[in-house]
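Asker: final_7.csv is reproduced in full below (CSV, C-alpha atoms).
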```csv
chain,number,residue,atom,x,y,z
A,1,MET,CA,-2.8,11.3,30.7
A,2,THR,CA,-3.1,11.7,27.0
A,3,GLU,CA,-6.4,13.1,25.8
A,4,GLN,CA,-8.3,10.6,23.6
A,5,ARG,CA,-10.2,12.3,20.9
A,6,ARG,CA,-13.3,10.7,19.4
A,7,ILE,CA,-14.8,11.0,15.9
A,8,GLU,CA,-17.6,9.4,14.0
A,9,ALA,CA,-16.7,7.0,11.2
A,10,MET,CA,-16.5,8.9,8.0
A,11,PRO,CA,-15.0,8.6,4.5
A,12,SER,CA,-11.4,9.9,4.1
A,13,PRO,CA,-11.1,12.9,1.7
A,14,SER,CA,-9.2,12.3,-1.5
A,15,GLU,CA,-5.6,13.6,-2.0
A,16,ALA,CA,-7.0,16.0,-4.5
A,17,ALA,CA,-9.0,17.8,-1.9
A,18,PHE,CA,-5.8,18.7,-0.1
A,19,LEU,CA,-4.1,20.0,-3.2
A,20,LEU,CA,-7.0,22.3,-4.0
A,21,GLY,CA,-5.6,24.5,-1.3
A,22,ARG,CA,-6.5,25.4,2.3
A,23,ARG,CA,-9.5,27.6,1.6
A,24,GLN,CA,-11.1,25.1,-0.8
A,25,PHE,CA,-10.4,22.3,1.6
A,26,LEU,CA,-11.9,24.1,4.5
A,27,ALA,CA,-15.0,24.6,2.4
A,28,LEU,CA,-15.2,20.9,1.8
A,29,LEU,CA,-14.9,20.3,5.5
A,30,GLY,CA,-17.8,22.7,6.1
A,31,GLY,CA,-20.0,20.6,3.9
A,32,GLY,CA,-20.7,16.9,3.6
A,33,LEU,CA,-17.7,15.7,5.5
A,34,ILE,CA,-18.6,17.6,8.6
A,35,ALA,CA,-22.2,16.4,8.2
A,36,ALA,CA,-21.0,12.8,8.1
A,37,ALA,CA,-18.9,13.4,11.2
A,38,THR,CA,-22.0,14.5,13.2
A,39,GLY,CA,-24.2,11.7,12.0
A,40,ALA,CA,-25.7,9.0,14.3
A,41,ARG,CA,-23.0,6.4,13.8
A,42,ALA,CA,-21.1,5.2,16.9
A,43,ALA,CA,-17.9,7.0,17.8
A,44,ASP,CA,-14.6,5.1,17.8
A,45,VAL,CA,-11.5,5.9,19.9
A,46,LEU,CA,-8.8,6.9,17.4
A,47,PRO,CA,-5.5,4.9,17.5
A,48,GLU,CA,-2.7,7.1,18.8
A,49,VAL,CA,0.8,7.8,17.6
A,50,ARG,CA,3.1,9.6,20.0
A,51,LEU,CA,5.4,11.7,17.9
A,52,GLY,CA,8.6,13.1,19.4
A,53,ILE,CA,9.2,16.6,18.1
A,54,LEU,CA,11.6,19.5,18.7
A,55,ARG,CA,10.5,23.0,19.3
A,56,PHE,CA,10.4,24.9,16.0
A,57,GLY,CA,10.9,21.7,14.2
A,58,THR,CA,9.1,20.9,10.9
A,59,ALA,CA,7.3,17.9,12.5
A,60,GLN,CA,5.6,20.4,14.8
A,61,TRP,CA,4.5,22.5,11.8
A,62,GLU,CA,2.9,19.5,10.1
A,63,CYS,CA,1.2,18.4,13.3
A,64,GLN,CA,-0.4,21.8,13.6
A,65,ILE,CA,-1.7,21.8,10.0
A,66,ALA,CA,-3.0,18.2,10.4
A,67,ARG,CA,-4.9,19.3,13.5
A,68,GLU,CA,-6.1,22.6,12.2
A,69,LEU,CA,-7.5,21.0,9.0
A,70,HIS,CA,-8.6,17.9,10.8
A,71,ILE,CA,-6.5,15.8,8.5
A,72,ASP,CA,-5.6,13.4,11.3
A,73,ASP,CA,-9.3,12.9,12.2
A,74,HIS,CA,-10.2,12.2,8.6
A,75,GLU,CA,-7.4,9.6,8.4
A,76,GLY,CA,-8.7,8.0,11.6
A,77,ILE,CA,-5.6,8.7,13.6
A,78,SER,CA,-4.7,10.7,16.8
A,79,ILE,CA,-1.2,12.3,16.6
A,80,THR,CA,0.0,13.3,20.0
A,81,PRO,CA,3.1,15.6,19.8
A,82,VAL,CA,5.6,15.1,22.6
A,83,GLU,CA,8.1,18.1,22.7
A,84,PHE,CA,11.8,17.7,23.5
A,85,ALA,CA,14.4,20.3,23.9
A,86,ALA,CA,17.1,18.4,22.0
A,87,GLY,CA,17.5,15.6,19.6
A,88,ASP,CA,19.2,13.3,22.0
A,89,ALA,CA,16.3,13.5,24.4
A,90,ALA,CA,13.9,12.4,21.7
A,91,GLN,CA,16.3,9.5,20.9
A,92,THR,CA,16.3,8.4,24.5
A,93,ALA,CA,12.5,8.6,24.6
A,94,LEU,CA,12.2,6.4,21.5
A,95,LEU,CA,14.7,3.9,23.0
A,96,ALA,CA,12.6,3.8,26.3
A,97,GLY,CA,9.3,3.4,24.4
A,98,ARG,CA,7.9,6.8,25.6
A,99,VAL,CA,7.2,7.8,22.0
A,100,ASP,CA,6.4,5.8,18.9
A,101,VAL,CA,8.1,7.9,16.2
A,102,ILE,CA,10.8,10.6,16.0
A,103,LEU,CA,12.5,12.5,13.2
A,104,GLN,CA,16.1,11.4,12.9
A,105,ASP,CA,18.7,10.6,10.3
A,106,TRP,CA,19.5,7.2,8.9
A,107,LEU,CA,23.0,7.3,10.2
A,108,TRP,CA,21.6,7.0,13.8
A,109,VAL,CA,19.3,4.2,12.7
A,110,SER,CA,22.2,2.3,11.1
A,111,ARG,CA,24.3,2.6,14.3
A,112,GLN,CA,21.3,1.5,16.4
A,113,ARG,CA,20.7,-1.5,14.2
A,114,GLU,CA,24.4,-2.4,14.5
A,115,ALA,CA,23.9,-2.4,18.3
A,116,GLY,CA,20.9,-4.7,18.0
A,117,ALA,CA,18.0,-2.4,17.9
A,118,ASP,CA,15.3,-2.8,15.2
A,119,PHE,CA,14.7,0.9,14.3
A,120,THR,CA,14.0,1.7,10.7
A,121,PHE,CA,13.8,4.9,8.6
A,122,ARG,CA,11.2,6.3,6.3
A,123,PRO,CA,12.6,9.2,4.2
A,124,LEU,CA,11.1,12.7,4.6
A,125,SER,CA,13.6,15.5,3.8
A,126,SER,CA,16.9,16.1,2.1
A,127,SER,CA,17.4,19.4,3.8
A,128,LEU,CA,20.6,19.7,5.9
A,129,GLY,CA,21.9,23.2,6.3
A,130,ALA,CA,24.4,25.7,5.0
A,131,LEU,CA,27.5,27.7,5.6
A,132,VAL,CA,26.5,31.2,6.5
A,133,THR,CA,28.5,34.4,6.8
A,134,GLY,CA,27.9,38.1,7.3
A,135,LYS,CA,26.7,40.3,4.5
A,136,ASP,CA,30.0,42.2,4.2
A,137,SER,CA,32.2,39.2,4.9
A,138,THR,CA,35.2,38.5,2.6
A,139,ILE,CA,34.4,34.8,2.7
A,140,LYS,CA,33.2,34.0,-0.8
A,141,SER,CA,33.8,30.2,-0.9
A,142,VAL,CA,34.9,27.4,1.4
A,143,ALA,CA,38.5,28.1,0.3
A,144,ASP,CA,38.3,31.4,2.2
A,145,LEU,CA,37.8,29.7,5.5
A,146,LYS,CA,41.5,29.2,6.0
A,147,GLY,CA,42.6,30.9,9.2
A,148,LYS,CA,39.0,31.9,10.0
A,149,ARG,CA,36.8,31.4,13.1
A,150,LEU,CA,34.1,28.9,12.3
A,151,GLY,CA,31.1,27.8,14.3
A,152,VAL,CA,29.6,24.4,13.7
A,153,ALA,CA,26.0,23.5,14.8
A,154,GLY,CA,25.9,20.3,16.8
A,155,THR,CA,28.8,18.2,17.7
A,156,PRO,CA,32.1,17.1,16.2
A,157,LEU,CA,30.2,14.1,14.8
A,158,ASP,CA,27.7,16.2,12.9
A,159,LYS,CA,27.2,14.8,9.4
A,160,SER,CA,27.3,18.3,7.7
A,161,TRP,CA,30.6,19.0,9.3
A,162,ALA,CA,32.0,15.7,8.0
A,163,LEU,CA,30.7,16.4,4.5
A,164,LEU,CA,32.1,20.0,4.5
A,165,ARG,CA,35.5,18.7,5.5
A,166,VAL,CA,35.4,16.1,2.7
A,167,TYR,CA,34.4,18.9,0.3
A,168,ALA,CA,37.1,21.3,1.5
A,169,ARG,CA,39.8,18.7,1.2
A,170,SER,CA,38.8,17.4,-2.2
A,171,ARG,CA,38.0,20.7,-3.9
A,172,PHE,CA,40.5,23.1,-2.3
A,173,GLY,CA,43.1,21.0,-0.5
A,174,LEU,CA,42.0,22.6,2.7
A,175,ASP,CA,42.0,20.7,6.1
A,176,LEU,CA,39.3,22.4,8.1
A,177,ASP,CA,40.3,20.6,11.2
A,178,LYS,CA,43.8,22.1,11.2
A,179,GLU,CA,43.4,25.3,9.2
A,180,THR,CA,40.4,26.9,11.0
A,181,SER,CA,39.6,27.8,14.6
A,182,HIS,CA,36.2,26.0,15.1
A,183,ASN,CA,33.7,25.8,17.9
A,184,PHE,CA,30.7,23.5,18.3
A,185,GLY,CA,27.4,24.5,19.9
A,186,PRO,CA,23.7,25.1,19.5
A,187,PRO,CA,22.6,27.1,16.4
A,188,PRO,CA,21.1,30.1,18.3
A,189,LEU,CA,24.3,30.6,20.3
A,190,LEU,CA,26.4,30.4,17.2
A,191,GLN,CA,24.2,32.8,15.3
A,192,HIS,CA,24.5,35.3,18.1
A,193,ALA,CA,28.3,34.9,18.0
A,194,LEU,CA,28.3,35.5,14.2
A,195,ASP,CA,26.1,38.6,14.6
A,196,ALA,CA,28.4,39.9,17.3
A,197,GLY,CA,31.5,39.4,15.1
A,198,GLN,CA,32.9,36.7,17.3
A,199,LEU,CA,32.8,34.2,14.5
A,200,ASP,CA,33.5,34.6,10.8
A,201,ALA,CA,31.1,31.9,9.5
A,202,VAL,CA,28.7,29.3,10.8
A,203,LEU,CA,27.8,25.9,9.5
A,204,THR,CA,24.2,25.7,10.7
A,205,PHE,CA,21.0,23.8,10.3
A,206,TRP,CA,18.7,24.8,7.5
A,207,PRO,CA,15.9,26.7,9.5
A,208,PHE,CA,18.6,28.9,11.0
A,209,ALA,CA,20.3,29.4,7.6
A,210,ALA,CA,16.9,30.3,6.1
A,211,ARG,CA,16.3,32.9,8.8
A,212,ALA,CA,19.8,34.3,8.5
A,213,GLU,CA,19.5,34.6,4.8
A,214,ALA,CA,16.2,36.5,5.2
A,215,ASP,CA,17.9,38.9,7.5
A,216,GLY,CA,20.5,39.8,4.9
A,217,GLN,CA,23.3,37.4,5.7
A,218,ARG,CA,25.0,35.4,3.0
A,219,ILE,CA,24.9,31.7,2.1
A,220,VAL,CA,28.4,30.6,1.1
A,221,VAL,CA,27.4,27.1,0.2
A,222,THR,CA,24.5,24.8,1.0
A,223,MET,CA,25.0,21.2,1.8
A,224,ASP,CA,22.9,20.3,-1.3
A,225,GLN,CA,25.6,22.2,-3.3
A,226,VAL,CA,28.3,20.4,-1.5
A,227,LEU,CA,26.9,17.0,-2.4
A,228,SER,CA,26.3,18.1,-6.0
A,229,ASP,CA,29.9,19.3,-6.3
A,230,LEU,CA,31.1,16.0,-4.8
A,231,GLY,CA,29.4,14.2,-7.8
A,232,PHE,CA,26.0,13.2,-6.4
A,233,THR,CA,23.3,13.6,-9.1
A,234,THR,CA,20.4,12.3,-7.1
A,235,THR,CA,18.9,13.7,-3.9
A,236,VAL,CA,19.7,11.9,-0.7
A,237,PRO,CA,17.1,12.3,2.1
A,238,PHE,CA,18.8,12.5,5.4
A,239,VAL,CA,15.9,13.1,7.8
A,240,GLY,CA,12.9,10.9,8.1
A,241,TYR,CA,10.5,9.2,10.5
A,242,VAL,CA,12.2,6.6,12.7
A,243,PHE,CA,10.3,3.9,14.5
A,244,SER,CA,10.7,0.3,15.6
A,245,ALA,CA,10.2,-2.3,12.9
A,246,GLY,CA,8.4,-4.5,15.5
A,247,TRP,CA,6.1,-1.6,16.5
A,248,ALA,CA,5.4,-1.0,12.7
A,249,ALA,CA,4.5,-4.7,12.2
A,250,ALA,CA,2.2,-4.8,15.2
A,251,ASN,CA,0.6,-1.4,14.3
A,252,ALA,CA,0.6,-1.6,10.5
A,253,ASP,CA,-2.8,0.1,10.1
A,254,THR,CA,-2.0,2.8,12.6
A,255,LEU,CA,1.3,3.6,10.9
A,256,LYS,CA,-0.4,3.7,7.5
A,257,ARG,CA,-2.9,6.2,8.8
A,258,PHE,CA,-0.2,8.3,10.5
A,259,LEU,CA,1.9,8.5,7.3
A,260,ALA,CA,-1.1,9.3,5.2
A,261,ALA,CA,-2.1,12.2,7.5
A,262,THR,CA,1.4,13.6,7.7
A,263,ASP,CA,1.9,13.3,3.9
A,264,LYS,CA,-1.3,15.2,3.4
A,265,ALA,CA,-0.3,17.9,5.9
A,266,ARG,CA,3.0,18.2,4.0
A,267,ALA,CA,1.1,18.5,0.7
A,268,VAL,CA,-0.8,21.5,2.1
A,269,LEU,CA,2.4,23.2,3.2
A,270,ASP,CA,4.0,22.4,-0.2
A,271,HIS,CA,1.2,23.9,-2.2
A,272,ASP,CA,-0.7,26.5,-0.2
A,273,ASP,CA,1.1,29.7,1.0
A,274,ALA,CA,-1.9,30.8,3.1
A,275,ALA,CA,-1.5,27.7,5.3
A,276,TRP,CA,1.8,29.2,6.6
A,277,ASP,CA,0.1,32.2,8.1
A,278,THR,CA,-0.7,30.1,11.2
A,279,LEU,CA,2.8,28.8,11.6
A,280,GLN,CA,4.7,32.0,12.3
A,281,ALA,CA,4.6,31.6,16.1
A,282,ILE,CA,5.8,28.0,16.2
A,283,SER,CA,8.3,28.3,13.3
A,284,GLY,CA,10.6,30.7,15.1
A,285,ALA,CA,10.1,33.3,12.3
A,286,LYS,CA,10.2,36.8,13.6
A,287,THR,CA,9.2,38.5,10.4
A,288,PRO,CA,7.1,37.6,7.3
A,289,THR,CA,10.4,37.6,5.3
A,290,GLN,CA,11.8,34.9,7.6
A,291,LEU,CA,8.6,32.9,7.3
A,292,ALA,CA,8.8,33.1,3.5
A,293,ALA,CA,12.4,31.9,3.6
A,294,LEU,CA,11.5,29.0,5.8
A,295,ARG,CA,8.7,28.1,3.4
A,296,HIS,CA,11.1,28.1,0.5
A,297,TRP,CA,13.8,26.0,2.2
A,298,TYR,CA,11.1,23.6,3.6
A,299,ARG,CA,9.7,22.9,0.2
A,300,ALA,CA,13.1,22.5,-1.5
A,301,GLY,CA,13.9,19.7,0.9
A,302,HIS,CA,11.2,17.3,-0.2
A,303,PRO,CA,12.7,14.8,-2.6
A,304,PRO,CA,10.7,12.7,-5.1
A,305,ALA,CA,9.9,9.1,-4.4
A,306,TRP,CA,12.6,7.0,-2.7
A,307,THR,CA,14.2,4.7,-5.3
A,308,SER,CA,17.0,2.2,-5.6
A,309,LYS,CA,19.2,5.0,-7.0
A,310,ASP,CA,18.7,7.0,-3.8
A,311,VAL,CA,19.6,4.0,-1.7
A,312,ALA,CA,22.7,3.5,-3.7
A,313,ALA,CA,23.5,7.3,-3.4
A,314,ALA,CA,23.0,7.0,0.4
A,315,GLY,CA,25.5,4.1,0.4
A,316,ARG,CA,28.1,6.4,-1.3
A,317,VAL,CA,27.5,9.2,1.2
A,318,TYR,CA,28.0,6.7,4.0
A,319,GLU,CA,31.4,5.8,2.5
A,320,LEU,CA,32.4,9.5,2.5
A,321,LEU,CA,31.2,10.0,6.0
A,322,ARG,CA,33.0,6.9,7.2
A,323,SER,CA,36.2,8.2,5.6
A,324,MET,CA,36.0,11.4,7.5
A,325,GLY,CA,33.9,10.8,10.7
A,326,GLY,CA,35.0,7.2,11.4
A,327,PRO,CA,33.1,4.8,13.7
A,328,GLY,CA,32.0,7.6,15.9
A,329,LEU,CA,29.8,9.0,13.2
A,330,VAL,CA,28.7,5.9,11.3
A,331,GLY,CA,29.4,3.0,13.6
A,332,LYS,CA,31.8,0.0,12.9
A,333,SER,CA,29.9,-1.4,9.9
A,334,LYS,CA,31.6,-0.8,6.5
A,335,ASN,CA,28.1,-0.4,5.0
A,336,ILE,CA,24.7,0.8,6.0
A,337,VAL,CA,23.2,-1.9,8.1
A,338,ASP,CA,20.4,-4.0,6.5
A,339,GLY,CA,16.9,-2.9,7.5
A,340,THR,CA,17.9,0.7,8.0
A,341,PHE,CA,15.5,1.8,5.3
A,342,TRP,CA,11.9,0.9,5.9
A,343,HIS,CA,9.9,-0.8,3.1
A,344,ALA,CA,6.1,-0.5,3.3
A,345,PRO,CA,4.4,-3.9,3.2
A,346,ALA,CA,2.9,-4.7,-0.2
```
For this file, write the structure as structure tokens.

Answerer:
Amino acid sequence: MTEQRRIEAMPSPSEAAFLLGRRQFLALLGGGLIAAATGARAADVLPEVRLGILRFGTAQWECQIARELHIDDHEGISITPVEFAAGDAAQTALLAGRVDVILQDWLWVSRQREAGADFTFRPLSSSLGALVTGKDSTIKSVADLKGKRLGVAGTPLDKSWALLRVYARSRFGLDLDKETSHNFGPPPLLQHALDAGQLDAVLTFWPFAARAEADGQRIVVTMDQVLSDLGFTTTVPFVGYVFSAGWAAANADTLKRFLAATDKARAVLDHDDAAWDTLQAISGAKTPTQLAALRHWYRAGHPPAWTSKDVAAAGRVYELLRSMGGPGLVGKSKNIVDGTFWHAPA
């Protein structure tokens, strides 16, 4: 049974309080806000959001900061993290109604809407990953992958793999499908194979790329660089919060509070280095250098406000992915299905 936390009615702290930094914010919490919380007003059961998370995932980091600084309490929301071992398990839980929100990409949302579901996507991060090789590798660019042993995190339908193939073909005339020996698998296993010399390079997710870079391995190209070289001048957020549009309509105030709490937790992590000290254990970082690299990559992935230009750019990315990944990656629709991107009510 999920624990229900209680809190007295209190005013929410301003956004500025969070941007003051963790120490200043904790000082504020120790003053009038805590006094208000312990007053004589009747306690209310907080509305709950069940958030599906992956171990070592960024959502877990933000949940910890929200709880540590009582940001969720101040926003009047209870965020209950539900941990999964893999992304497909979190997707299944959302489909079954066992969680309310997960982190996922808009390609999955578009495919689900095409199949009749009502999921929708609220942008969060543009971070994808990078092509990593050993410190002494002769691979200097994607062109050097010809004839090499390549590991790809995820499955043959991974969006980064599709984008890298488009990039290799358009920039270097290289067909990665035919001109490399490639294997798909989980990032930790591929990283181990790279370390052991069983692979020449690995296309991996950004947290693994960040840790590898911190350990002295070399980034050949990031997916941000790939998109830029393919002509994209605006950031395209790929990962975001995904939830049912029907659930959002029925729980509009709860969703608003949840997004406010997570946005403020993210603001702390974006502006206060000291807040990261408590995240080393759950971030997967084994050294302070790895943690610093994760912090840098995390912050770089937060795009500015989602605009019509970004939506248009997402549509062009969809066309590229469709040309390379086909229906298995994007679905049968020629365009991103209407309703994929969530619009907050006015």

Asker: Kindly give the distance, in Å, that separates atom CA of A:Gln104 and atom CA of A:Ala90, rounded to a single decimal.

Answerer: 9.1 Å

Asker: Here is a test: counting only C-alpha atoms, which residue of A:Thr180, A:Ser170, A:Thr233, A:Thr262 is nearest to A:Gln60?

Answerer: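 Looking only at the distances to A:Gln60, the closest residue turns out to be A:Thr262.
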
Asker: Need the shell around stretch 143-148 of chain A: protein/DNA/RNA residues with any atom at most 12 Å away, counting only C-alpha atoms. Skip same-chain ones fewer than 6 positions apart. Format as an MDAnalysis selection string?

Answerer: chainID A and resid 131:133 137 164:165 167:183 197:203 220:221

Asker: List every protein, DNA or RNA residue that has an atom no more than 10 Å from (20.4, 24.7, 7.8) in the file's coordinate frame, counting all atoms listed in the file, and report them as a PyMOL selection string.

Answerer: chain A and resi 127-132+153+160+187+202-212+222-223+297

Asker: Could you state the separation of atom CA of A:Ala312 and atom CA of A:Phe232 in Å, given to one decimal place?

Answerer: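 Here the two named atoms are 10.6 Å from each other.
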
Asker: Restricting the calculation to all atoms listed in the file: of A:Gly326, A:Gly97, A:Gly339, A:Gly52, which residue gets closest to A:Pro156?

Answerer: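 Comparing A:Gly326, A:Gly97, A:Gly339, A:Gly52 against A:Pro156, the winner is A:Gly326.
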
Asker: Looking at A:Val82, A:Ala260, A:Ile219, A:Ala248, which one is nearest to A:Ala66, with distances taken over only C-alpha atoms?

Answerer: A:Ala260

Asker: Have a look at A:Trp276, A:Val166, A:Thr80, A:Asn251 and name the one nearest to A:Pro288; count only C-alpha atoms.

Answerer: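 Result for the nearest residue to A:Pro288: A:Trp276.
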
Asker: Can you list, as a PyMOL selection string, every protein, DNA or RNA residue that comes within 12 Å of A:Arg113 when you count only C-alpha atoms, leaving out same-chain residues fewer than 5 positions away?

Answerer: chain A and resi 95+106-108+118-121+242-245+330-333+335-341

Asker: Between atom CA of A:Ala275 and atom CA of A:Lys256, what distance in Å does the model show, to one decimal?

Answerer: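 Spanning atom CA of A:Ala275 to atom CA of A:Lys256 is a straight-line distance of 24.1 Å.
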
Asker: Smallest atom-to-atom distance to A:Gln225: which of A:Leu46, A:Leu163, A:Gly185, A:His296, using only C-alpha atoms?

Answerer: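 Closest to A:Gln225, using only C-alpha atoms: A:Leu163.
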
Asker: Write out as a PyMOL selection string which residues come within 8 Å of A:Cys63 when counting all atoms listed in the file, dropping same-chain ones fewer than 2 positions away.

Answerer: chain A and resi 59-61+65-67+79+81+262+265

Asker: Have a look at A:Thr278, A:Ser126, A:Ser110, A:Thr155 and name the one nearest to A:Phe184; count only C-alpha atoms.

Answerer: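 Nearest candidate to A:Phe184 out of A:Thr278, A:Ser126, A:Ser110, A:Thr155: A:Thr155.
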
Asker: What's around A:Ala261 at 10 Å? Count all atoms listed in the file, leave out sequence neighbours fewer than 2 positions away in its own chain, and write the answer as a list in words.

Answerer: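 Surrounding residues, per the criterion: Glu62, Cys63, Ile65, Ala66, Arg67, His70, Ile71, Asp72, Asp73, His74, Glu75, Gly76, Ile77, Ser78, Ile79, Leu255, Lys256, Arg257, Phe258, Leu259, Asp263, Lys264, Ala265, Arg266 and Ala267 of chain A.
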